[in-house]
file upload07.txt (compact mmCIF, C-alpha atoms)
# COMPACT_ATOMS: atom_id res chain seq x y z
CA MET A 1054 -7.09 -20.58 3.10
CA ASN A 1055 -9.73 -22.98 4.31
CA ASP A 1056 -12.84 -21.22 5.63
CA ASP A 1057 -12.66 -23.30 8.83
CA ARG A 1058 -9.37 -21.58 9.58
CA GLN A 1059 -10.98 -18.17 9.39
CA LYS A 1060 -14.03 -18.76 11.59
CA ARG A 1061 -15.69 -21.32 13.77
CA SER A 1062 -19.24 -21.97 14.85
CA ALA A 1063 -19.99 -20.59 18.31
CA GLY A 1064 -23.37 -22.14 18.98
CA LYS A 1065 -26.72 -20.42 18.44
CA GLY A 1066 -25.53 -19.37 15.01
CA THR A 1067 -22.77 -17.07 16.32
CA ILE A 1068 -19.49 -16.83 14.42
CA VAL A 1069 -16.28 -16.08 16.31
CA PRO A 1070 -13.27 -14.76 14.34
CA GLN A 1071 -10.29 -17.05 14.49
CA PRO A 1072 -6.60 -16.14 14.20
CA PRO A 1073 -4.41 -17.62 11.48
CA ALA A 1074 -3.84 -21.35 11.81
CA PRO A 1075 -0.63 -22.40 13.55
CA ARG A 1076 2.15 -23.77 11.42
CA GLU A 1077 2.55 -27.53 11.45
CA ARG A 1078 5.25 -28.89 13.70
CA PRO A 1079 6.77 -32.37 13.97
CA LYS A 1080 5.36 -34.51 16.74
CA PRO A 1081 7.28 -34.37 20.02
CA SER A 1082 9.49 -37.33 20.82
CA PRO A 1083 8.19 -40.13 23.05
CA GLU A 1084 10.90 -39.20 25.55
CA SER A 1085 9.54 -35.67 25.93
CA GLN A 1086 5.97 -36.93 26.23
CA ARG A 1087 6.95 -39.42 28.93
CA GLY A 1088 9.05 -36.79 30.67
CA LEU A 1089 6.00 -34.53 30.91
CA ASP A 1090 3.88 -37.45 32.13
CA TRP A 1091 6.21 -38.23 35.02
CA PHE A 1092 6.89 -34.59 35.80
CA ILE A 1093 3.16 -34.12 36.40
CA PHE A 1094 2.97 -37.36 38.41
CA PHE A 1095 5.80 -36.46 40.79
CA LEU A 1096 4.70 -32.83 41.02
CA ALA A 1097 1.30 -34.02 42.24
CA ASP A 1098 3.17 -36.05 44.87
CA VAL A 1099 5.11 -32.96 45.96
CA GLN A 1100 2.05 -30.72 46.18
CA THR A 1101 0.08 -33.34 48.13
CA GLY A 1102 2.61 -33.02 50.95
CA PHE A 1103 1.34 -29.49 51.61
CA GLY A 1104 -2.30 -30.53 52.00
CA PRO A 1105 -3.94 -31.34 55.33
CA PHE A 1106 -0.58 -32.60 56.66
CA VAL A 1107 0.45 -28.99 57.35
CA ALA A 1108 -2.22 -28.52 60.01
CA VAL A 1109 -1.44 -31.92 61.58
CA TYR A 1110 2.30 -31.23 61.69
CA LEU A 1111 2.05 -27.71 63.10
CA THR A 1112 -0.38 -28.95 65.75
CA THR A 1113 2.26 -31.46 66.92
CA GLN A 1114 4.70 -28.53 67.14
CA LYS A 1115 2.43 -26.80 69.69
CA TRP A 1116 1.18 -24.13 67.30
CA THR A 1117 -2.10 -22.44 68.17
CA GLN A 1118 -5.09 -22.73 65.85
CA VAL A 1119 -4.83 -18.99 65.17
CA GLU A 1120 -1.24 -19.35 63.98
CA ILE A 1121 -2.08 -22.39 61.86
CA GLY A 1122 -5.08 -20.60 60.34
CA PHE A 1123 -2.90 -17.60 59.49
CA VAL A 1124 -0.33 -19.75 57.65
CA LEU A 1125 -3.04 -21.64 55.76
CA SER A 1126 -4.76 -18.37 54.81
CA ILE A 1127 -1.55 -17.06 53.25
CA GLY A 1128 -1.65 -19.77 50.60
CA GLY A 1129 -5.28 -19.11 49.77
CA ILE A 1130 -4.88 -15.33 49.48
CA ILE A 1131 -1.68 -15.42 47.44
CA GLY A 1132 -3.07 -18.23 45.31
CA LEU A 1133 -6.04 -16.03 44.45
CA LEU A 1134 -4.16 -12.78 43.86
CA GLY A 1135 -1.24 -14.40 42.06
CA GLN A 1136 -3.11 -16.21 39.28
CA MET A 1137 -2.90 -13.49 36.63
CA PRO A 1138 0.62 -12.27 37.54
CA GLY A 1139 1.78 -15.90 37.50
CA GLY A 1140 0.34 -16.40 34.02
CA ALA A 1141 1.91 -13.16 32.81
CA ILE A 1142 5.32 -14.29 34.12
CA VAL A 1143 5.06 -17.55 32.15
CA ASP A 1144 4.01 -15.64 29.02
CA ALA A 1145 7.06 -13.38 29.39
CA ALA A 1146 9.48 -16.28 29.96
CA ARG A 1147 11.62 -17.62 27.15
CA SER A 1148 11.91 -21.05 28.79
CA GLU A 1149 8.84 -22.54 30.45
CA ARG A 1150 10.98 -25.49 31.51
CA LEU A 1151 13.30 -23.19 33.48
CA VAL A 1152 10.36 -21.46 35.19
CA ALA A 1153 8.87 -24.83 36.16
CA GLY A 1154 12.22 -26.09 37.43
CA LEU A 1155 12.80 -23.03 39.62
CA ALA A 1156 9.26 -23.31 41.01
CA VAL A 1157 9.71 -27.01 41.89
CA ALA A 1158 13.09 -26.32 43.54
CA THR A 1159 11.49 -23.52 45.57
CA ILE A 1160 8.67 -25.79 46.75
CA GLY A 1161 11.16 -28.51 47.72
CA CYS A 1162 13.16 -26.02 49.79
CA CYS A 1163 9.94 -24.81 51.43
CA ALA A 1164 9.13 -28.39 52.47
CA LEU A 1165 12.61 -28.73 53.99
CA ALA A 1166 12.11 -25.48 55.89
CA TYR A 1167 8.83 -26.79 57.33
CA ALA A 1168 10.60 -29.95 58.52
CA LEU A 1169 13.77 -28.40 59.98
CA TRP A 1170 12.65 -25.00 61.29
CA PRO A 1171 8.97 -25.11 62.32
CA ILE A 1172 9.06 -21.61 63.80
CA PHE A 1173 6.59 -18.91 62.85
CA PRO A 1174 8.80 -16.59 60.70
CA VAL A 1175 10.32 -19.47 58.70
CA VAL A 1176 7.04 -21.29 58.11
CA THR A 1177 5.29 -18.04 57.13
CA ALA A 1178 8.03 -17.25 54.59
CA ALA A 1179 7.93 -20.84 53.28
CA ALA A 1180 4.14 -20.75 52.91
CA THR A 1181 4.42 -17.49 50.98
CA LEU A 1182 7.11 -18.81 48.61
CA HIS A 1183 5.19 -22.07 48.11
CA ALA A 1184 2.03 -20.18 47.11
CA LEU A 1185 3.98 -17.92 44.73
CA ALA A 1186 5.71 -20.89 43.09
CA SER A 1187 2.39 -22.71 42.69
CA CYS A 1188 0.95 -19.70 40.84
CA VAL A 1189 3.40 -20.23 37.96
CA LEU A 1190 3.47 -24.03 37.94
CA GLY A 1191 -0.05 -24.56 36.57
CA PRO A 1192 0.41 -22.14 33.65
CA ALA A 1193 3.92 -23.51 33.02
CA ILE A 1194 2.61 -27.09 32.66
CA ALA A 1195 -0.12 -25.97 30.27
CA ALA A 1196 2.38 -23.87 28.30
CA ILE A 1197 4.84 -26.76 27.98
CA SER A 1198 2.00 -29.01 26.84
CA LEU A 1199 0.79 -26.52 24.23
CA GLY A 1200 4.33 -25.80 23.06
CA LEU A 1201 5.02 -29.51 22.60
CA VAL A 1202 1.91 -30.70 20.74
CA GLY A 1203 0.21 -27.55 19.39
CA PRO A 1204 -3.43 -26.44 19.58
CA LEU A 1205 -4.87 -29.24 17.45
CA ALA A 1206 -3.53 -32.03 19.67
CA ILE A 1207 -3.72 -30.24 23.02
CA GLY A 1208 -6.99 -31.93 24.06
CA GLU A 1209 -5.50 -35.43 24.19
CA ARG A 1210 -2.32 -34.12 25.84
CA LEU A 1211 -4.34 -32.42 28.58
CA GLY A 1212 -6.19 -35.70 29.11
CA ARG A 1213 -2.85 -37.42 29.74
CA ASN A 1214 -1.88 -34.60 32.11
CA ALA A 1215 -5.05 -35.10 34.14
CA ARG A 1216 -4.52 -38.87 34.30
CA PHE A 1217 -0.99 -38.62 35.67
CA ALA A 1218 -1.95 -35.84 38.08
CA SER A 1219 -4.73 -38.02 39.45
CA LEU A 1220 -2.44 -41.04 39.78
CA GLY A 1221 0.13 -38.85 41.53
CA ASN A 1222 -2.43 -37.45 43.97
CA GLY A 1223 -3.71 -40.90 44.88
CA SER A 1224 -0.29 -42.51 45.35
CA ALA A 1225 1.04 -39.51 47.27
CA ALA A 1226 -1.91 -39.49 49.67
CA ALA A 1227 -1.23 -43.15 50.48
CA LEU A 1228 2.53 -42.60 50.79
CA MET A 1229 2.23 -39.50 52.97
CA GLY A 1230 -0.36 -41.14 55.17
CA ALA A 1231 1.83 -44.21 55.69
CA VAL A 1232 4.97 -42.16 56.35
CA GLY A 1233 3.14 -39.91 58.80
CA TYR A 1234 1.67 -42.89 60.64
CA LEU A 1235 4.77 -45.11 60.74
CA LEU A 1236 7.40 -42.41 61.28
CA SER A 1237 6.23 -38.89 62.17
CA SER A 1238 4.33 -35.94 60.70
CA GLN A 1239 7.69 -34.19 60.24
CA SER A 1240 8.86 -36.98 57.91
CA VAL A 1241 6.05 -36.08 55.47
CA PHE A 1242 7.92 -32.89 54.58
CA ILE A 1243 11.27 -34.68 54.32
CA VAL A 1244 9.66 -37.05 51.80
CA THR A 1245 8.13 -34.08 49.98
CA PHE A 1246 11.58 -32.50 49.68
CA LEU A 1247 13.06 -35.77 48.38
CA LEU A 1248 10.26 -36.16 45.81
CA ALA A 1249 11.30 -32.83 44.26
CA ILE A 1250 14.42 -34.62 42.95
CA PRO A 1251 12.64 -37.12 40.62
CA THR A 1252 10.30 -34.28 39.66
CA LEU A 1253 13.24 -32.24 38.37
CA LEU A 1254 14.78 -35.29 36.70
CA ALA A 1255 11.53 -35.95 34.84
CA LEU A 1256 11.43 -32.29 33.75
CA SER A 1257 14.96 -32.62 32.36
CA ARG A 1258 13.73 -35.42 30.06
CA ILE A 1259 11.56 -32.91 28.15
CA HIS A 1260 13.66 -31.66 25.23
CA GLU A 1261 13.81 -27.86 25.31
CA GLN A 1262 14.12 -27.59 21.53
CA GLU A 1263 10.81 -29.41 21.03
CA ILE A 1264 8.86 -26.74 22.91
CA ASP A 1265 7.71 -24.02 20.51
CA VAL A 1266 8.06 -20.91 22.68
CA ALA A 1267 5.66 -18.75 20.66
CA GLN A 1268 3.09 -21.53 20.49
CA ALA A 1269 3.44 -22.14 24.25
CA HIS A 1270 2.34 -18.54 24.80
CA GLY A 1271 -0.58 -18.88 22.42
CA ALA A 1272 1.06 -16.80 19.69
CA VAL A 1273 0.92 -17.36 15.93
CA VAL A 1274 3.18 -16.17 13.15
CA ARG A 1275 1.50 -13.41 11.11
CA GLU A 1276 2.72 -11.90 7.88
CA VAL A 1277 1.62 -8.49 9.17
CA PRO A 1278 1.79 -7.83 12.95
CA ASP A 1279 -1.62 -7.27 14.53
CA LYS A 1280 -1.25 -5.14 17.65
CA GLU A 1281 -4.94 -5.27 18.47
CA ALA A 1282 -5.12 -9.07 18.37
CA THR A 1283 -2.09 -9.39 20.63
CA SER A 1284 -3.05 -6.73 23.17
CA VAL A 1285 -3.98 -7.69 26.73
CA VAL A 1286 -7.02 -5.40 26.63
CA HIS A 1287 -8.35 -7.17 23.55
CA LEU A 1288 -7.89 -10.54 25.23
CA LEU A 1289 -9.66 -9.46 28.43
CA ARG A 1290 -12.60 -8.25 26.36
CA GLN A 1291 -13.06 -11.58 24.61
CA ARG A 1292 -16.70 -12.56 25.23
CA PRO A 1293 -16.08 -16.35 25.26
CA LEU A 1294 -13.31 -15.94 27.85
CA LEU A 1295 -15.49 -13.83 30.14
CA ILE A 1296 -18.49 -16.17 29.78
CA PHE A 1297 -16.32 -19.18 30.50
CA ALA A 1298 -14.73 -17.52 33.53
CA GLY A 1299 -18.21 -16.72 34.84
CA GLY A 1300 -19.29 -20.31 34.26
CA VAL A 1301 -16.24 -21.65 36.09
CA LEU A 1302 -16.95 -19.29 39.00
CA LEU A 1303 -20.48 -20.68 39.27
CA PHE A 1304 -19.14 -24.23 38.98
CA GLN A 1305 -16.72 -23.75 41.87
CA LEU A 1306 -19.34 -21.89 43.89
CA ALA A 1307 -21.49 -25.02 43.64
CA ASN A 1308 -18.74 -27.63 43.83
CA ALA A 1309 -16.11 -26.59 46.39
CA ALA A 1310 -18.33 -26.95 49.47
CA MET A 1311 -20.04 -30.23 48.53
CA LEU A 1312 -17.41 -32.68 49.78
CA PRO A 1313 -16.62 -30.84 53.07
CA LEU A 1314 -20.34 -30.47 53.78
CA MET A 1315 -20.96 -34.12 52.93
CA ALA A 1316 -18.05 -35.12 55.20
CA SER A 1317 -19.74 -33.32 58.10
CA VAL A 1318 -23.03 -35.10 57.36
CA VAL A 1319 -21.32 -38.52 57.22
CA THR A 1320 -19.54 -37.85 60.51
CA THR A 1321 -22.82 -37.08 62.30
CA ARG A 1322 -24.53 -40.18 60.87
CA SER A 1323 -21.70 -42.72 61.16
CA ALA A 1324 -18.82 -41.37 63.25
CA GLN A 1325 -17.03 -44.71 63.50
CA TRP A 1326 -16.79 -45.26 59.76
CA ALA A 1327 -16.52 -41.60 58.75
CA PRO A 1328 -12.74 -41.59 58.01
CA VAL A 1329 -13.02 -44.67 55.79
CA LEU A 1330 -16.09 -43.37 53.97
CA ILE A 1331 -14.56 -39.93 53.40
CA ALA A 1332 -11.35 -41.52 52.08
CA ALA A 1333 -13.47 -43.60 49.68
CA CYS A 1334 -15.27 -40.44 48.58
CA ILE A 1335 -11.90 -38.98 47.63
CA ILE A 1336 -10.49 -42.10 45.97
CA VAL A 1337 -13.53 -42.84 43.76
CA PRO A 1338 -13.39 -39.54 41.80
CA GLN A 1339 -9.60 -39.77 41.47
CA ALA A 1340 -9.92 -43.24 39.96
CA ILE A 1341 -12.52 -42.01 37.47
CA VAL A 1342 -10.31 -39.06 36.50
CA ALA A 1343 -7.35 -41.39 35.91
CA LEU A 1344 -9.46 -43.70 33.74
CA ALA A 1345 -11.56 -41.19 31.82
CA SER A 1346 -9.40 -38.08 31.28
CA PRO A 1347 -7.63 -39.21 28.07
CA SER A 1348 -11.02 -40.10 26.56
CA VAL A 1349 -12.32 -36.66 27.52
CA GLY A 1350 -9.46 -35.05 25.60
CA ARG A 1351 -10.23 -37.10 22.48
CA LYS A 1352 -14.00 -36.56 22.71
CA ALA A 1353 -13.48 -32.82 23.12
CA GLN A 1354 -11.94 -32.72 19.66
CA ALA A 1355 -14.51 -35.07 18.11
CA TRP A 1356 -17.68 -33.68 19.75
CA GLY A 1357 -16.66 -30.14 20.64
CA ARG A 1358 -16.25 -28.43 24.01
CA ARG A 1359 -19.83 -27.40 24.81
CA PRO A 1360 -21.36 -30.91 25.06
CA LEU A 1361 -18.76 -31.98 27.61
CA LEU A 1362 -19.15 -28.75 29.60
CA LEU A 1363 -22.90 -29.30 29.72
CA LEU A 1364 -22.28 -32.88 30.89
CA ALA A 1365 -20.05 -31.64 33.74
CA PHE A 1366 -22.54 -29.05 34.96
CA SER A 1367 -25.40 -31.56 34.72
CA ALA A 1368 -23.44 -34.13 36.76
CA LEU A 1369 -22.69 -31.49 39.40
CA ALA A 1370 -26.36 -30.51 39.71
CA ILE A 1371 -27.42 -34.19 39.98
CA ARG A 1372 -24.75 -34.80 42.63
CA GLY A 1373 -26.04 -31.91 44.74
CA LEU A 1374 -29.63 -33.13 44.54
CA LEU A 1375 -28.63 -36.70 45.46
CA PHE A 1376 -26.63 -35.46 48.46
CA ALA A 1377 -29.78 -33.62 49.56
CA VAL A 1378 -31.99 -36.75 49.57
CA VAL A 1379 -29.69 -39.75 50.14
CA ARG A 1380 -29.50 -40.80 53.79
CA ASP A 1381 -27.41 -43.97 53.65
CA PRO A 1382 -23.72 -43.00 54.24
CA TYR A 1383 -22.54 -45.84 52.01
CA LEU A 1384 -24.67 -44.70 49.07
CA LEU A 1385 -23.05 -41.29 49.35
CA VAL A 1386 -19.82 -42.92 48.16
CA ALA A 1387 -21.62 -44.10 45.02
CA VAL A 1388 -22.87 -40.54 44.43
CA GLN A 1389 -19.21 -39.47 44.21
CA VAL A 1390 -19.10 -41.08 40.77
CA PHE A 1391 -20.65 -37.83 39.53
CA ASP A 1392 -17.77 -35.93 41.13
CA GLY A 1393 -15.38 -38.06 39.09
CA ILE A 1394 -17.24 -37.10 35.90
CA THR A 1395 -17.08 -33.37 36.63
CA ALA A 1396 -13.43 -33.56 37.73
CA ALA A 1397 -12.37 -35.46 34.60
CA VAL A 1398 -14.14 -32.99 32.31
CA LEU A 1399 -13.03 -29.78 34.05
CA ALA A 1400 -9.41 -30.90 34.40
CA VAL A 1401 -9.21 -31.03 30.61
CA MET A 1402 -11.73 -28.38 29.59
CA VAL A 1403 -10.36 -25.41 31.55
CA PRO A 1404 -6.92 -25.19 29.90
CA LEU A 1405 -8.31 -26.50 26.61
CA ILE A 1406 -10.99 -23.82 26.21
CA VAL A 1407 -8.57 -21.14 27.37
CA ALA A 1408 -6.15 -22.32 24.67
CA ASP A 1409 -8.94 -22.14 22.08
CA VAL A 1410 -9.95 -18.61 23.03
CA ALA A 1411 -6.52 -17.12 23.69
CA PHE A 1412 -4.60 -18.72 20.83
CA GLY A 1413 -3.25 -15.99 18.56
CA SER A 1414 -3.02 -13.44 21.38
CA GLY A 1415 0.34 -14.47 22.80
CA HIS A 1416 -1.20 -14.31 26.29
CA PHE A 1417 -2.45 -17.86 26.80
CA ASN A 1418 -1.09 -18.11 30.33
CA LEU A 1419 -2.48 -14.74 31.37
CA ALA A 1420 -5.88 -15.96 30.18
CA GLN A 1421 -5.40 -19.04 32.36
CA GLY A 1422 -4.83 -16.66 35.24
CA VAL A 1423 -8.17 -14.95 34.56
CA VAL A 1424 -10.02 -18.26 34.78
CA GLY A 1425 -7.89 -19.31 37.76
CA THR A 1426 -8.92 -16.16 39.60
CA ALA A 1427 -12.57 -16.94 38.91
CA THR A 1428 -11.94 -20.47 40.24
CA GLY A 1429 -10.44 -19.11 43.46
CA ILE A 1430 -13.27 -16.63 44.05
CA GLY A 1431 -15.94 -19.29 43.53
CA ALA A 1432 -14.20 -21.81 45.79
CA SER A 1433 -13.64 -19.24 48.55
CA LEU A 1434 -17.26 -18.11 48.59
CA SER A 1435 -18.66 -21.64 48.32
CA THR A 1436 -17.66 -22.89 51.77
CA VAL A 1437 -18.85 -19.71 53.49
CA LEU A 1438 -22.19 -19.71 51.68
CA ALA A 1439 -22.85 -23.43 52.15
CA GLY A 1440 -21.83 -23.31 55.81
CA TYR A 1441 -24.21 -20.46 56.56
CA ILE A 1442 -27.15 -22.11 54.76
CA SER A 1443 -26.45 -25.46 56.43
CA ASP A 1444 -26.30 -23.95 59.91
CA THR A 1445 -29.46 -21.91 59.32
CA PHE A 1446 -31.69 -24.21 57.25
CA GLY A 1447 -30.07 -27.65 57.35
CA SER A 1448 -27.73 -29.62 55.09
CA SER A 1449 -30.46 -30.77 52.69
CA ILE A 1450 -31.35 -27.16 51.85
CA ALA A 1451 -27.65 -26.32 51.47
CA PHE A 1452 -27.11 -29.17 48.99
CA THR A 1453 -30.24 -28.16 47.08
CA GLY A 1454 -28.98 -24.58 46.90
CA LEU A 1455 -25.61 -25.74 45.58
CA ALA A 1456 -27.42 -27.86 42.97
CA GLY A 1457 -29.38 -24.75 41.97
CA ILE A 1458 -26.15 -22.81 41.45
CA ALA A 1459 -24.87 -25.65 39.27
CA ALA A 1460 -28.11 -25.49 37.27
CA LEU A 1461 -27.59 -21.73 36.83
CA GLY A 1462 -24.10 -22.41 35.49
CA LEU A 1463 -25.54 -25.03 33.15
CA THR A 1464 -27.99 -22.45 31.83
CA VAL A 1465 -25.23 -19.89 31.28
CA ILE A 1466 -23.13 -22.38 29.29
CA TRP A 1467 -26.17 -23.58 27.30
CA LEU A 1468 -27.37 -20.10 26.32
CA PHE A 1469 -24.23 -18.02 26.02
CA MET A 1470 -21.03 -20.09 25.75
CA PRO A 1471 -19.85 -20.48 22.14
CA GLU A 1472 -18.26 -23.60 20.74
CA THR A 1473 -14.51 -22.96 20.63
CA ARG A 1474 -13.18 -26.16 19.04
CA ARG A 1475 -10.45 -25.60 16.50
CA THR A 1476 -10.59 -27.78 13.36
CA GLU A 1477 -7.84 -28.62 10.92
call {"tool": "encode", "arguments": {"input": "upload07.txt", "output": "structure tokens"}}
result
Amino acid sequence: MNDDRQKRSAGKGTIVPQPPAPRERPKPSPESQRGLDWFIFFLADVQTGFGPFVAVYLTTQKWTQVEIGFVLSIGGIIGLLGQMPGGAIVDAARSERLVAGLAVATIGCCALAYALWPIFPVVTAAATLHALASCVLGPAIAAISLGLVGPLAIGERLGRNARFASLGNGSAAALMGAVGYLLSSQSVFIVTFLLAIPTLLALSRIHEQEIDVAQAHGAVVREVPDKEATSVVHLLRQRPLLIFAGGVLLFQLANAAMLPLMASVVTTRSAQWAPVLIAACIIVPQAIVALASPSVGRKAQAWGRRPLLLLAFSALAIRGLLFAVVRDPYLLVAVQVFDGITAAVLAVMVPLIVADVAFGSGHFNLAQGVVGTATGIGASLSTVLAGYISDTFGSSIAFTGLAGIAALGLTVIWLFMPETRRTE
């Protein structure tokens, strides 16, 4: 067997053992590939309906801010605690397509419940079910992608996923905004429910028989079973996985608060144009993600994972420093180009590196849950930390501090993160 199949370079001269190479599979049909594309597009539309529109809608229903905050907190808490159980459920499933379909149907019903029965018990139950369903959807999409194309082609497939998710987010934001303005905030959730139908139809276009179930879970066929390599404990002790999870935590700790903090700064400097400028700050990165993500997937296989990770952390640090010194509200929109770079890279790199590290364990989706938990912890702490620093020392110091955290993450990836690219 080729030596490249037995080990791979991990940077700084380190060698990381690699499981047996996956068996070759025929390429998935164009119909399945397009089905996955549109499933991700419409799913992004569905999930967008549960964004800031929830708070607007419940406010029109005479809910108090305490009640609204409680419902919104449910999603955050369950989303954080449910990452690893959600991944484990997908790993245990024999049909990722069925899991994804049930999750989408659940979310659609939750949207209908919001629209028809906006009373506290119903909305609380719907928010809980929506958060639980979302915990399995992310791993299910990655598992379907890996099961369709295999570990050697997963980079480009994840790039396509990110492109269609970005296009879905952008189109859904425009659609929901128009529906809410022209009709009512309640109609946003009716539209969300209706969008679940094309989402399920697109999912049905993915041929079940083309999804390699073992490969979707990150398993490989071995002549002799290896209980140690397939144990959860062994996976959770993988040094590259733990380093990467720590790096992602630092990334989110630096990144999550930047846009909300910048939105507050823009509002104080140019209140009249703040909504337009903030919308532009959201649209610019989404456009870059849609354009660049497929290239990121291809470059990740050609260049390796570490160079792109270093690029993302560098762009995040530069963005924080520019936010600290730029005063012109319109130039802040241009700074958001760096957010597009980081978003395009991380959208592909997170599931890709997890697939590299966890392949052979049979617990790919559980490993995604580990990194997802780190993402949630970093994002939750980011807004609290940045808000305190901004209130105490000013926004410029807060942005500089966030840039420093990004620089720390860059250092961690540079010094400790191994290269995980799999070669043929």
call {"tool": "atom_distance", "arguments": {"input": "upload07.txt", "atom1": "atom CA of A:Ser1449", "atom2": "atom CA of A:Ile1466"}}
result
25.9 Å
call {"tool": "residues_around", "arguments": {"input": "upload07.txt", "residues": "A:Gly1431", "least_positions_apart": "6", "cutoff": "7 Å", "atoms": "all atoms listed in the file", "output": "MDAnalysis selection string"}}
result
chainID A and resid 1302:1303 1305:1306
call {"tool": "atom_distance", "arguments": {"input": "upload07.txt", "atom1": "atom CA of A:Ile1131", "atom2": "atom CA of A:Ala1184"}}
result
6.0 Å
call {"tool": "residues_near_point", "arguments": {"input": "upload07.txt", "point": "(-9.1, -43.0, 39.4)", "cutoff": "12 Å", "atoms": "all atoms listed in the file", "output": "PyMOL selection string"}}
result
chain A and resi 1215-1224+1333-1346+1389-1390+1392-1394+1396-1397
call {"tool": "residues_around", "arguments": {"input": "upload07.txt", "residues": "stretch 1159-1175 of chain A", "least_positions_apart": "2", "cutoff": "8 Å", "atoms": "only C-alpha atoms", "output": "PyMOL selection string"}}
result
chain A and resi 1099+1103+1111+1114+1120+1155-1157+1177-1180+1182-1183+1186+1239-1240+1242-1243+1245-1249
call {"tool": "closest_residue", "arguments": {"input": "upload07.txt", "among": "A:Arg1150, A:Arg1474, A:Arg1213, A:Arg1087", "to": "A:Val1189", "atoms": "all atoms listed in the file"}}
result
A:Arg1150
call {"tool": "residues_around", "arguments": {"input": "upload07.txt", "residues": "A:Ser1448", "least_positions_apart": "3", "cutoff": "8 Å", "atoms": "all atoms listed in the file", "output": "PDB file with C-alpha atoms, in the coordinates of the input"}}
result
ATOM      1  CA  LEU A1314     -20.340 -30.470  53.780  1.00  0.00           C
ATOM      2  CA  VAL A1318     -23.030 -35.100  57.360  1.00  0.00           C
ATOM      3  CA  ALA A1377     -29.780 -33.620  49.560  1.00  0.00           C
ATOM      4  CA  ILE A1442     -27.150 -22.110  54.760  1.00  0.00           C
ATOM      5  CA  SER A1443     -26.450 -25.460  56.430  1.00  0.00           C
ATOM      6  CA  ASP A1444     -26.300 -23.950  59.910  1.00  0.00           C
ATOM      7  CA  ALA A1451     -27.650 -26.320  51.470  1.00  0.00           C
ATOM      8  CA  PHE A1452     -27.110 -29.170  48.990  1.00  0.00           C
TER       9      PHE A1452
END
call {"tool": "residues_around", "arguments": {"input": "upload07.txt", "residues": "A:Asp1409", "least_positions_apart": "6", "cutoff": "9 Å", "atoms": "only C-alpha atoms", "output": "short mmCIF file (atom, residue, chain, number, x, y, z; two decimals) with C-alpha atoms, in the coordinates of the input"}}
result
data_model
loop_
_atom_site.label_atom_id
_atom_site.label_comp_id
_atom_site.auth_asym_id
_atom_site.auth_seq_id
_atom_site.Cartn_x
_atom_site.Cartn_y
_atom_site.Cartn_z
CA PRO A 1204 -3.43 -26.44 19.58
CA GLY A 1271 -0.58 -18.88 22.42
CA THR A 1473 -14.51 -22.96 20.63
CA ARG A 1474 -13.18 -26.16 19.04
CA ARG A 1475 -10.45 -25.60 16.50
#
call {"tool": "closest_atom_pairs", "arguments": {"input": "upload07.txt", "of": "stretch 1124-1178 of chain A", "to": "stretch 1260-1263 of chain A", "cutoff": "12 Å", "atoms": "all atoms listed in the file", "output": "Markdown table"}}
result
| residue | atom | partner | partner_atom | distance |
| --- | --- | --- | --- | --- |
| A:Arg1147 | CA | A:Glu1261 | CA | 10.6 |
| A:Ser1148 | CA | A:Glu1261 | CA | 7.9 |
| A:Glu1149 | CA | A:Glu1261 | CA | 8.9 |
| A:Arg1150 | CA | A:Glu1261 | CA | 7.2 |
| A:Leu1151 | CA | A:Glu1261 | CA | 9.4 |
call {"tool": "decode", "arguments": {"input": "upload07.txt", "residues": "stretch 1114-1122 of chain A", "atoms": "N, CA and C atoms", "output": "compact mmCIF listing (two decimals), in the first residue's frame"}}
result
# COMPACT_ATOMS: atom_id res chain seq x y z
N GLN A 1114 -47.34 40.52 19.01
CA GLN A 1114 -48.35 39.72 19.71
C GLN A 1114 -48.42 40.08 21.19
N LYS A 1115 -47.84 41.23 21.56
CA LYS A 1115 -47.90 41.77 22.92
C LYS A 1115 -47.14 40.93 23.94
N TRP A 1116 -46.09 40.23 23.48
CA TRP A 1116 -45.23 39.51 24.41
C TRP A 1116 -44.31 40.51 25.11
N THR A 1117 -43.95 40.19 26.35
CA THR A 1117 -42.98 41.03 27.06
C THR A 1117 -41.57 40.66 26.61
N GLN A 1118 -40.63 41.56 26.85
CA GLN A 1118 -39.24 41.30 26.48
C GLN A 1118 -38.67 40.12 27.28
N VAL A 1119 -39.15 39.94 28.50
CA VAL A 1119 -38.70 38.79 29.30
C VAL A 1119 -39.14 37.48 28.65
N GLU A 1120 -40.38 37.43 28.20
CA GLU A 1120 -40.89 36.21 27.56
C GLU A 1120 -40.16 35.94 26.24
N ILE A 1121 -39.95 37.00 25.46
CA ILE A 1121 -39.23 36.84 24.20
C ILE A 1121 -37.80 36.37 24.46
N GLY A 1122 -37.13 36.98 25.43
CA GLY A 1122 -35.77 36.57 25.77
C GLY A 1122 -35.69 35.13 26.21
